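**Q** Dropping in protein24.cif, with mmCIF, C-alpha atoms.
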data_final
loop_
_atom_site.label_atom_id
_atom_site.label_comp_id
_atom_site.auth_asym_id
_atom_site.auth_seq_id
_atom_site.Cartn_x
_atom_site.Cartn_y
_atom_site.Cartn_z
CA MET N 1 -0.88 -5.51 -12.56
CA TYR N 2 0.15 -1.88 -12.24
CA LEU N 3 1.92 -2.55 -8.93
CA LYS N 4 3.71 -5.51 -10.49
CA ALA N 5 4.86 -3.22 -13.30
CA LEU N 6 6.16 -0.63 -10.82
CA VAL N 7 8.18 -3.29 -9.01
CA CYS N 8 9.56 -4.48 -12.37
CA GLY N 9 10.80 -0.93 -12.87
CA VAL N 10 12.87 -0.88 -9.66
CA LEU N 11 14.22 -4.43 -9.44
CA HIS N 12 17.57 -3.69 -11.05
CA GLY N 13 19.33 -0.45 -11.85
CA PRO N 14 22.15 2.01 -11.14
CA SER N 15 20.81 4.20 -8.30
CA GLU N 16 19.60 3.91 -4.71
CA MET N 17 16.01 3.72 -5.94
CA PHE N 18 16.60 0.19 -7.21
CA LEU N 19 16.40 -2.94 -5.08
CA SER N 20 19.48 -4.73 -6.35
CA LEU N 21 23.20 -4.28 -5.91
CA SER N 22 24.38 -1.57 -8.29
CA THR N 23 26.89 -2.92 -10.83
CA ARG N 24 28.44 -1.57 -14.01
CA ASP N 25 25.99 -3.56 -16.15
CA THR N 26 22.55 -2.35 -17.17
CA PHE N 27 21.24 -5.93 -17.42
CA SER N 28 20.64 -8.45 -14.65
CA GLY N 29 23.70 -10.60 -13.97
CA SER N 30 23.58 -14.08 -12.50
CA THR N 31 23.65 -14.47 -8.72
CA ASP N 32 27.12 -16.07 -8.81
CA TYR N 33 28.49 -13.30 -11.01
CA VAL N 34 27.06 -10.56 -8.79
CA ARG N 35 28.39 -12.32 -5.67
CA ARG N 36 31.92 -12.57 -7.12
CA TYR N 37 31.74 -9.02 -8.44
CA ALA N 38 30.67 -7.67 -5.05
CA GLU N 39 33.53 -9.48 -3.30
CA LYS N 40 36.09 -8.25 -5.83
CA ASN N 41 34.94 -4.61 -5.58
CA ASN N 42 34.13 -4.60 -1.85
CA LEU N 43 30.46 -3.88 -2.45
CA GLU N 44 27.85 -4.51 0.22
CA ARG N 45 24.33 -5.70 -0.41
CA PRO N 46 21.98 -2.71 0.00
CA GLU N 47 19.04 -2.55 2.37
CA ARG N 48 16.02 -1.18 0.55
CA ASP N 49 12.42 -0.51 1.48
CA ILE N 50 10.31 -1.82 -1.40
CA ARG N 51 7.48 0.58 -0.62
CA ASP N 52 9.81 3.61 -0.75
CA SER N 53 11.35 2.48 -4.03
CA VAL N 54 7.97 1.88 -5.64
CA LEU N 55 6.65 5.27 -4.49
CA ARG N 56 9.74 6.99 -5.89
CA LYS N 57 9.13 5.26 -9.22
CA GLN N 58 5.49 6.30 -9.15
CA ASP N 59 6.53 9.89 -8.44
CA LEU N 60 8.77 9.87 -11.52
CA LEU N 61 5.94 8.54 -13.66
CA GLU N 62 3.55 11.24 -12.44
CA ARG N 63 5.89 13.95 -13.69
CA ASP N 64 4.82 13.14 -17.26
CA PRO N 65 1.19 13.45 -18.36
CA TRP N 66 -0.77 10.22 -18.54
CA PRO N 67 -2.25 9.18 -21.90
CA THR N 68 -5.88 10.20 -22.13
CA ASN N 69 -6.73 8.90 -25.60
CA PRO N 70 -9.56 6.38 -25.11
CA ASP N 71 -8.50 4.62 -28.33
CA SER N 72 -5.09 3.65 -26.93
CA ASN N 73 -4.46 -0.07 -26.93
CA VAL N 74 -1.55 -2.23 -25.77
CA VAL N 75 -1.20 -5.80 -26.98
CA LYS N 76 1.37 -8.57 -26.75
CA ALA N 77 1.92 -10.20 -30.13
CA ASP N 78 4.42 -11.61 -32.61
CA ALA N 79 5.80 -8.86 -34.86
CA ARG N 80 5.17 -11.15 -37.83
CA ASP N 81 1.46 -11.48 -37.02
CA LEU N 82 0.09 -8.23 -35.64
CA PRO N 83 -3.56 -8.12 -34.46
CA PHE N 84 -4.31 -4.80 -36.18
CA GLU N 85 -6.27 -3.89 -39.28
CA ASN N 86 -4.40 -3.82 -42.58
CA ASN N 87 -3.62 -0.49 -44.25
CA ASN N 88 -4.33 1.36 -40.99
CA ALA N 89 -1.05 2.53 -39.39
CA ASP N 90 0.18 6.01 -40.33
CA LEU N 91 3.48 5.44 -38.52
CA ILE N 92 5.25 2.32 -37.32
CA LEU N 93 8.14 3.02 -34.94
CA THR N 94 10.14 0.08 -33.67
CA SER N 95 13.58 -1.20 -32.68
CA PRO N 96 14.07 -4.84 -33.65
CA PRO N 97 16.67 -7.10 -31.99
CA TYR N 98 20.25 -6.92 -33.28
CA MET N 99 20.84 -10.57 -34.12
CA ARG N 100 22.39 -12.31 -31.09
CA VAL N 101 23.80 -9.20 -29.42
CA LEU N 102 21.32 -9.45 -26.54
CA ASP N 103 19.55 -12.37 -24.91
CA TYR N 104 16.47 -10.49 -23.72
CA ALA N 105 15.15 -13.35 -21.60
CA TRP N 106 18.44 -13.74 -19.73
CA ASN N 107 18.98 -9.98 -19.31
CA ASN N 108 15.52 -9.73 -17.71
CA TRP N 109 15.59 -12.92 -15.63
CA ILE N 110 14.92 -10.98 -12.41
CA ARG N 111 11.76 -9.45 -13.89
CA LEU N 112 10.67 -12.83 -15.23
CA TRP N 113 11.25 -14.34 -11.79
CA TRP N 114 9.15 -11.61 -10.21
CA LEU N 115 6.34 -12.22 -12.71
CA ASN N 116 6.57 -15.97 -12.13
CA ASP N 117 7.48 -16.64 -15.77
CA ASP N 118 9.86 -19.35 -16.94
CA ARG N 119 12.98 -17.85 -18.55
CA ASP N 120 13.62 -20.79 -20.87
CA GLN N 121 10.05 -20.79 -22.12
CA GLU N 122 10.18 -17.04 -22.75
CA ARG N 123 13.49 -17.44 -24.58
CA ASP N 124 12.01 -20.10 -26.86
CA LYS N 125 9.48 -17.54 -28.07
CA LEU N 126 12.23 -15.21 -29.31
CA ASP N 127 14.37 -15.29 -32.44
CA ILE N 128 17.89 -15.04 -31.03
CA THR N 129 20.39 -16.05 -33.68
CA ALA N 130 23.93 -15.26 -34.82
CA SER N 131 23.11 -16.54 -38.30
CA GLU N 132 22.73 -13.70 -40.80
CA SER N 133 20.54 -15.83 -43.09
CA LYS N 134 18.12 -16.70 -40.25
CA TYR N 135 18.07 -13.08 -39.13
CA ARG N 136 17.24 -12.01 -42.68
CA ASP N 137 14.32 -14.46 -42.70
CA PHE N 138 12.97 -12.88 -39.50
CA VAL N 139 13.46 -9.34 -40.84
CA ARG N 140 11.79 -10.23 -44.16
CA GLU N 141 8.67 -11.67 -42.51
CA THR N 142 8.44 -8.70 -40.12
CA LEU N 143 8.77 -6.16 -42.94
CA GLN N 144 6.09 -7.92 -44.96
CA GLU N 145 3.72 -7.79 -41.99
CA MET N 146 4.44 -4.09 -41.37
CA GLU N 147 3.85 -3.40 -45.05
CA ARG N 148 0.39 -4.97 -44.73
CA LYS N 149 -0.45 -2.81 -41.71
CA LEU N 150 0.90 0.49 -43.07
CA ALA N 151 -1.67 2.98 -44.34
CA PRO N 152 -1.21 4.64 -47.75
CA GLY N 153 1.18 7.55 -47.31
CA GLY N 154 2.58 6.10 -44.07
CA TYR N 155 6.11 5.70 -42.74
CA ILE N 156 8.12 3.04 -40.91
CA VAL N 157 11.06 4.05 -38.73
CA LEU N 158 13.39 1.31 -37.47
CA ILE N 159 16.09 2.13 -34.92
CA VAL N 160 18.95 -0.37 -34.99
CA GLY N 161 22.61 -0.66 -34.08
CA ASP N 162 25.56 -2.24 -35.84
CA VAL N 163 26.47 -5.80 -34.84
CA ARG N 164 30.04 -6.63 -33.87
CA LYS N 165 31.12 -10.20 -34.66
CA ASN N 166 34.42 -11.56 -33.34
CA LEU N 167 35.70 -13.96 -35.98
CA THR N 168 38.83 -16.11 -35.92
CA ASN N 169 41.25 -13.63 -37.49
CA HIS N 170 39.35 -10.35 -37.46
CA VAL N 171 36.40 -8.35 -36.20
CA GLU N 172 33.46 -7.81 -38.53
CA TYR N 173 30.70 -5.23 -38.24
CA ILE N 174 27.26 -5.76 -39.76
CA ASN N 175 25.35 -2.60 -40.64
CA THR N 176 21.90 -3.75 -39.57
CA ALA N 177 20.13 -0.75 -41.11
CA TYR N 178 21.52 -1.52 -44.57
CA LEU N 179 20.68 -5.20 -44.12
CA ILE N 180 17.05 -4.33 -43.36
CA ALA N 181 16.94 -1.83 -46.24
CA GLU N 182 18.14 -4.58 -48.60
CA GLU N 183 15.41 -6.94 -47.42
CA ALA N 184 12.78 -4.23 -47.84
CA ALA N 185 13.92 -3.41 -51.38
CA ASP N 186 14.22 -7.05 -52.45
CA HIS N 187 11.12 -8.57 -50.85
CA THR N 188 8.55 -5.79 -50.35
CA ASP N 189 7.26 -2.70 -52.11
CA LEU N 190 8.54 -0.55 -49.27
CA ILE N 191 11.02 2.13 -50.33
CA PRO N 192 14.17 2.75 -48.23
CA ARG N 193 14.18 6.54 -47.95
CA GLN N 194 16.90 7.59 -45.54
CA ILE N 195 19.27 6.39 -42.82
CA ILE N 196 19.94 8.91 -40.05
CA ASN N 197 23.00 8.21 -37.90
CA ASP N 198 22.43 8.98 -34.21
CA ASP N 199 25.80 9.05 -32.44
CA TYR N 200 25.72 7.63 -28.93
CA ASP N 201 28.03 10.41 -27.73
CA LEU N 202 29.20 8.27 -24.82
CA ASP N 203 30.78 11.28 -23.13
CA HIS N 204 27.27 12.56 -22.42
CA ARG N 205 25.64 9.26 -21.42
CA ASN N 206 25.26 9.17 -17.65
CA TYR N 207 25.82 5.43 -17.25
CA ALA N 208 29.03 5.54 -19.33
CA ARG N 209 30.45 8.50 -17.41
CA ALA N 210 29.55 6.91 -14.06
CA ASN N 211 31.16 3.62 -15.04
CA ARG N 212 34.37 5.33 -16.12
CA LEU N 213 34.60 7.02 -12.75
CA ARG N 214 33.47 4.09 -10.62
CA TYR N 215 35.36 1.32 -12.41
CA ASP N 216 38.34 3.28 -13.72
CA TYR N 217 37.54 2.78 -17.42
CA ASP N 218 39.25 4.88 -20.02
CA LYS N 219 37.27 6.21 -22.98
CA ASP N 220 38.46 3.50 -25.38
CA THR N 221 37.41 0.76 -22.95
CA THR N 222 33.99 2.34 -22.54
CA GLU N 223 33.52 2.45 -26.31
CA GLU N 224 34.71 -1.13 -26.65
CA LYS N 225 32.14 -2.28 -24.08
CA ALA N 226 29.35 -0.41 -25.88
CA MET N 227 27.43 -2.69 -28.24
CA SER N 228 27.46 -0.01 -30.89
CA ARG N 229 28.77 3.53 -30.98
CA LEU N 230 25.71 4.82 -32.78
CA ASP N 231 22.13 4.02 -33.65
CA ARG N 232 20.93 4.12 -37.22
CA CYS N 233 17.37 5.26 -37.91
CA LEU N 234 16.08 3.69 -41.13
CA ILE N 235 13.06 5.33 -42.73
CA LEU N 236 10.84 3.27 -45.06
CA SER N 237 7.65 4.29 -46.86
CA ASN N 238 5.11 2.86 -49.26
CA HIS N 239 5.25 6.02 -51.40
CA ASP N 240 7.83 8.35 -52.91
CA HIS N 241 6.50 11.65 -51.55
CA GLN N 242 9.17 14.11 -50.50
CA LEU N 243 10.22 13.66 -46.89
CA PRO N 244 9.39 16.63 -44.65
CA ASP N 245 12.33 18.75 -43.57
CA SER N 246 13.26 18.16 -39.96
CA ASP N 247 13.18 21.86 -39.18
CA THR N 248 9.52 22.04 -40.27
CA VAL N 249 8.44 19.53 -37.64
CA ASP N 250 7.39 21.21 -34.40
CA LEU N 251 7.20 18.82 -31.44
CA ALA N 252 6.21 20.05 -27.98
CA TRP N 253 8.59 17.80 -26.05
CA ASP N 254 7.67 19.42 -22.72
CA ALA N 255 3.91 19.38 -23.26
#
Spit out the file's structure as structure tokens when you get a sec.

**A**
Amino acid sequence: MYLKALVCGVLHGPSEMFLSLSTRDTFSGSTDYVRRYAEKNNLERPERDIRDSVLRKQDLLERDPWPTNPDSNVVKADARDLPFENNNADLILTSPPYMRVLDYAWNNWIRLWWLNDDRDQERDKLDITASESKYRDFVRETLQEMERKLAPGGYIVLIVGDVRKNLTNHVEYINTAYLIAEEAADHTDLIPRQIINDDYDLDHRNYARANRLRYDYDKDTTEEKAMSRLDRCLILSNHDHQLPDSDTVDLAWDA
């Protein structure tokens, strides 16, 4: 299983470590699209040694310390029905899907192929919708489940992006963080506490800079191709205690 996971990590990506043709996209394009794109941009299919790529990935993983907590647990479950005890989570940190911005099954079809999973069946398990009312239903059920799992005095942090909808006469943006905050206030006892805007700062994102150089994008085109120009971090709690100041939190990022 671990070897399968390592191969999943090198199937598609932007550098010579990865096994696929490097394109401007961070998701896995269809074979026909990649073939046409390669012909248009005079790109040649790379020759890669799978063993070398996997060992390079393993080397990167070893640079960070491995978890040693014997109570760690990883499960696969529906966010609306979590197999954890109620009133037990001090912190829930998650990033829900942004309506129909991404089709996660399609974007990962190469990984699903490698794992011998059926893409259509995997897609059927997901809530991928452009309907705001259906998305609100999904958000409401998920928030209610997280509320059940959250311990007294706990926090929920949701990281989401705005959704861009191309309508007939205009472009509309949906502020997903405010949408979720509304659902929390209207249908749970969770309290929306704060929304922190995290600017993408595309000038300092390696993939965006590389694409501008490689594919002759200007800055405006790069921003237009970005799904959202910032992330919004929504903080919810089941209490009204004062939030800690950010400068009082000491995190050893290099530990």

**Q** Please enumerate the residues selected by the PyMOL selection byres ((chain N and resi 155) around 8) when evaluated against the supplied file, formatted as a PDB file with C-alpha atoms, keeping the file's coordinate frame.

**A**
ATOM      1  CA  ASP N  90       0.180   6.010 -40.330  1.00  0.00           C
ATOM      2  CA  LEU N  91       3.480   5.440 -38.520  1.00  0.00           C
ATOM      3  CA  ILE N  92       5.250   2.320 -37.320  1.00  0.00           C
ATOM      4  CA  LEU N 150       0.900   0.490 -43.070  1.00  0.00           C
ATOM      5  CA  GLY N 153       1.180   7.550 -47.310  1.00  0.00           C
ATOM      6  CA  GLY N 154       2.580   6.100 -44.070  1.00  0.00           C
ATOM      7  CA  ILE N 156       8.120   3.040 -40.910  1.00  0.00           C
ATOM      8  CA  VAL N 157      11.060   4.050 -38.730  1.00  0.00           C
ATOM      9  CA  ILE N 235      13.060   5.330 -42.730  1.00  0.00           C
ATOM     10  CA  LEU N 236      10.840   3.270 -45.060  1.00  0.00           C
ATOM     11  CA  SER N 237       7.650   4.290 -46.860  1.00  0.00           C
ATOM     12  CA  ASN N 238       5.110   2.860 -49.260  1.00  0.00           C
TER      13      ASN N 238
END

**Q** Pick the closest to Asp78 in chain N from N:Thr142, N:Thr188, N:Gln242, N:Asn42: which is it, counting only C-alpha atoms?

**A**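 Result for the nearest residue to Asp78 in chain N: N:Thr142.
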
**Q** One number please: CA of Ile128 in chain N to CA of Asp103 in chain N, in Å, one decimal.

**A**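 Going from CA of Ile128 in chain N over to CA of Asp103 in chain N, I get 6.9 Å.
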
**Q** When you draw a straight line from CA of Leu158 in chain N to CA of Leu234 in chain N, how long is it in Å?

**A**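 Straight-line distance from CA of Leu158 in chain N to CA of Leu234 in chain N works out to 5.1 Å.
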
**Q** Quick check, in Å to one decimal: how far apart do CA of Asp117 in chain N and CA of Tyr2 in chain N lie?

**A**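 Interatomic distance, CA of Asp117 in chain N to CA of Tyr2 in chain N: 16.9 Å.
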
**Q** Find the residues around Ser53 in chain N up to 7 Å (all atoms listed in the file counted), leave out those fewer than 6 positions away in its own chain, and share them as a PyMOL selection string.

**A** chain N and resi 10+17-18

**Q** Between N:His239, N:Lys165, N:Lys4, N:Arg45, which is the closest to Leu112 in chain N once you count all atoms listed in the file?

**A** N:Lys4

**Q** Take the point (11.7, 4.0, -7.0) as written in the file and pick out every residue within 12 Å of it, counting only C-alpha atoms; give the list as a PyMOL selection string.

**A** chain N and resi 3+5-20+48-61

**Q** Next, dump the selected residues to file, keeping only C-alpha atoms, as a PDB file, in the coordinates of the input.

**A**
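Output file selection_20.pdb is given in full below:
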ATOM      1  CA  LEU N   3       1.920  -2.550  -8.930  1.00  0.00           C
ATOM      2  CA  ALA N   5       4.860  -3.220 -13.300  1.00  0.00           C
ATOM      3  CA  LEU N   6       6.160  -0.630 -10.820  1.00  0.00           C
ATOM      4  CA  VAL N   7       8.180  -3.290  -9.010  1.00  0.00           C
ATOM      5  CA  CYS N   8       9.560  -4.480 -12.370  1.00  0.00           C
ATOM      6  CA  GLY N   9      10.800  -0.930 -12.870  1.00  0.00           C
ATOM      7  CA  VAL N  10      12.870  -0.880  -9.660  1.00  0.00           C
ATOM      8  CA  LEU N  11      14.220  -4.430  -9.440  1.00  0.00           C
ATOM      9  CA  HIS N  12      17.570  -3.690 -11.050  1.00  0.00           C
ATOM     10  CA  GLY N  13      19.330  -0.450 -11.850  1.00  0.00           C
ATOM     11  CA  PRO N  14      22.150   2.010 -11.140  1.00  0.00           C
ATOM     12  CA  SER N  15      20.810   4.200  -8.300  1.00  0.00           C
ATOM     13  CA  GLU N  16      19.600   3.910  -4.710  1.00  0.00           C
ATOM     14  CA  MET N  17      16.010   3.720  -5.940  1.00  0.00           C
ATOM     15  CA  PHE N  18      16.600   0.190  -7.210  1.00  0.00           C
ATOM     16  CA  LEU N  19      16.400  -2.940  -5.080  1.00  0.00           C
ATOM     17  CA  SER N  20      19.480  -4.730  -6.350  1.00  0.00           C
ATOM     18  CA  ARG N  48      16.020  -1.180   0.550  1.00  0.00           C
ATOM     19  CA  ASP N  49      12.420  -0.510   1.480  1.00  0.00           C
ATOM     20  CA  ILE N  50      10.310  -1.820  -1.400  1.00  0.00           C
ATOM     21  CA  ARG N  51       7.480   0.580  -0.620  1.00  0.00           C
ATOM     22  CA  ASP N  52       9.810   3.610  -0.750  1.00  0.00           C
ATOM     23  CA  SER N  53      11.350   2.480  -4.030  1.00  0.00           C
ATOM     24  CA  VAL N  54       7.970   1.880  -5.640  1.00  0.00           C
ATOM     25  CA  LEU N  55       6.650   5.270  -4.490  1.00  0.00           C
ATOM     26  CA  ARG N  56       9.740   6.990  -5.890  1.00  0.00           C
ATOM     27  CA  LYS N  57       9.130   5.260  -9.220  1.00  0.00           C
ATOM     28  CA  GLN N  58       5.490   6.300  -9.150  1.00  0.00           C
ATOM     29  CA  ASP N  59       6.530   9.890  -8.440  1.00  0.00           C
ATOM     30  CA  LEU N  60       8.770   9.870 -11.520  1.00  0.00           C
ATOM     31  CA  LEU N  61       5.940   8.540 -13.660  1.00  0.00           C
TER      32      LEU N  61
END

**Q** Which one of N:Ser28, N:Arg111, N:Ala79, N:Ala89 sits closest to Leu126 in chain N if you count all atoms listed in the file?

**A** N:Ala79
